[in-house]
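Trainee: Take this structure, written in structure tokens, and hold onto it; I'll ask about it next.
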Amino acid sequence: MPTKKKKGGADIASFKLPELLKGFKDVLPEDELYWNMVFDTARNVSEDYSFDRIRLPMLEKAALFERTVGKGTDIVEKEMFTFVDKGNDRVTLRPEMTAQMARAYIEHGMVNMSQPVKLWDIGPMFRYDKPQAGRYRQFHQWDLEVIGSDDPVIDAQVIIMLNSFLKRLGLKVKFKMNSLGTRDIREAYVLELVAYFKQFRKHMSDTDKKRLTKNPLRLLDSKEPEMQECKAGAPQLIDFLDEKARAHFMKTLEYLDEMEINYELDPFLVRGLDYYDHTVFEIVTADDDEEKAQNAIGGGGRYDSLMPLMGAREEVKGAIGAAIGIERVIIAMKEAGIEAKKKQNPDVFFCQLGDAARRKGLHVFESFRGTGILIAEAFGKSSLKAQLEMANKKKVKIALILGQKEVLDGTIIIRDMETGSQEIVPLEKVTSFVKKALK
RNA sequence: GUGGCUAUGGUGAAACGGUUAUCACGGCGGUUUGUGGUACCGCUAUUACGGGUUCGAUUCCCGUUAGCCACCCCA
């Protein structure tokens with residue numbers, strides 16, 4: 001913790017400098033260009049595919065996530081920011097958006113809208129994790145949900161859409177695909193899986209042993225070196241799919257082939273939230289051969305059985321959703337050497353000398369509003385030298401100089417910053433003269 | 001929650017255990033107060049915190065805290 005001792009302060013021996021909460025980040029102005037670009041692209045893509053914006057709150061009843069994400073999951077078990085508010089409600093800062101989307105759909109009777117309902121939102125999520133590269137306690141997601149259809153073409157469309165988004169940002173990505181079937185299928189499969197893995201029990205790490213009893217599916221995800229061999233011989237969920245589930249998955253993949261989406265099957269892909277059925281996927285950057293730690297920049301899947309579980313009417317056929325991690329997208333962009341569009345440079349810099357000029361100058365500065373000319377200033381500085389220095393640093397084409405003399409004469413100096421030549425023009429016509437000079 | 005590494009100014013770095021902790025960049029101010037890009041000058045750090053070893057600690061040791069990285073999990 002950075003501490004500073006106050007110079008010569010007899011009373012205060014030391015005091016703590018203010019600092020960020022662990023795992024939280026300020027997005028500094030230097031990164032704003034990236035954030036803008038990603039947010040703008042997310043909005044544009046959402047609109048291109050006729051998704052409607054919904055703005056969800058950051059706080060919900062804790063039970064919403066506990067029920068949907070799953071009691072046994074890490075997210076619920078140890079990563080939620082849950083607390084009791086003044087009204088004695090247990091509330092949670094959202095760790096993800098899907099549950100909220102489903103809640104909003106049901107609560108606002110969206111079953112009465114034309115189906116499927118396509119919604120999007122973007123904003124901060126909270127997970128009480130140990131911070132690490134690309135992982136923060138507050139992070140941002142762009143979230144898409146399509147509720148009210150179980151057609152595999154929807155699965156494909158969501159993926160096509162994500163692909164389009166990432167392509168627009170200049171990223172090359174790969175989709176890892178798998179199908180988790182239905183709840184019944186998974187139950188049957190897990191029995192086999194546990195039976196298979198039990199023979200390797202002695203060689204397993206403690207975490208893997210825990211997984212064997214608690215969440216056997218996650219064993220497939222294990223990165224322990226000894227597990228890789230065992231995994232290779234493990235029964236695969238794909239082989240347990242019934243005809244319907246298999247057809248759904250195959251159809252989805254067909255559409256992806258049709259659109260030449262870069263994907264690969266990953267029979268070991270299982271996701272850390274309980275509500276998924278059928279199609280699940282994760283997005284990784286394509287040129288990464290090595291499995292890096294936090295390489296997933298997004299993911300999602302279908303959650304048909306969640307809707308009735310939450311109380312949706314039977315006619316709600318199914319739903320699928322996806323989320324992209326904004327921070328990870330930006331990290332990937334930087335790694336790929338993609339530069340964000342530069343902010344527009346100001347064309348003009350306004351300099352003032354003396355109090356009268358400063359007062360008049362406030363008006364002059366305002367007169368540029370709506371002209372389309374970007375003008376910068378440094379009213380806080382008084383020496384002309386310092387102001388021109390700044391004008392130079394900002395790389396403006398022309399500087400305006402208003403001094404005592406000019407105020408009295410009703411004129412202003414237009415200085416060409418490249419050639420150094422100056423022109424004295426009437427103050428009332430300054431904007432039109434500047435417009436001319438910029439041509 | 002488990003493990004590894006690191007901690008010097010706004011930033012990046014330097015300093016065999018021995019003077020007022022060095023350099024660069026940035027920032028602010030100045031070079032007789034009305035003219036930029038160059039130059040010069042000044043200011044910009046009780047070396048994360050606490051303790052120990054020592055005549056002497058930025059340097060060695062311990063603890064705390066924080067950061068980074070990996071596991072777990074995920075975005």
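Please note that chains go A, B, ... in the order of the structure tokens, that every chain numbers its residues from 1, and that ligands are numbered from 1 in the order shown.
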I'd like the neighbourhood of stretch 259-275 of chain A as a JSON list (two decimals) with C-alpha atoms, in the first residue's frame, where a residue qualifies if any of its atoms comes within 7 Å (using only C-alpha atoms (C1' of nucleotides)), though same-chain residues fewer than 6 positions away should be ignored.

Mentor:
[["chain", "number", "residue", "atom", "x", "y", "z"],
["A", 68, "THR", "CA", -29.86, -20.09, -12.87],
["A", 69, "VAL", "CA", -26.07, -20.12, -12.96],
["A", 70, "GLY", "CA", -26.09, -23.08, -10.58],
["A", 73, "THR", "CA", -20.60, -23.46, -9.93],
["A", 174, "LYS", "CA", -11.64, -19.43, -34.13],
["A", 175, "PHE", "CA", -14.81, -20.85, -32.65],
["A", 176, "LYS", "CA", -14.62, -23.99, -30.54],
["A", 177, "MET", "CA", -17.85, -25.90, -30.80],
["A", 178, "ASN", "CA", -19.49, -28.66, -28.80],
["A", 217, "LEU", "CA", -17.95, -32.75, -16.78],
["A", 218, "ARG", "CA", -15.28, -30.31, -15.80],
["A", 220, "LEU", "CA", -12.75, -32.76, -19.59],
["A", 221, "ASP", "CA", -11.52, -29.24, -19.17],
["A", 236, "GLN", "CA", -17.37, -38.42, -25.65],
["A", 303, "TYR", "CA", -30.27, -22.70, -22.68],
["A", 306, "LEU", "CA", -33.62, -22.68, -18.34]]

Trainee: Within 6 Å of chain A, which residues of chain B are there when counting only C-alpha atoms (C1' of nucleotides)? Please give them as a list in words.

Mentor: G36, A48, U65, A66 and A75 of chain B

Trainee: Would you compute the distance between atom CA of A:Asp151 and atom CA of A:Pro216? Give it in Å to one decimal.

Mentor: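 Rounded to one decimal, the two atoms are 29.0 Å apart.
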
Trainee: Can you tell me which residues surround B:C43 at a distance of at most 12 Å, considering only C-alpha atoms (C1' of nucleotides), apart from same-chain residues fewer than 2 positions away, and format the answer as a list of chain:residue names?

Mentor: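 Answer for this query is B:G27, B:C28, B:G29, B:G30, B:C41.
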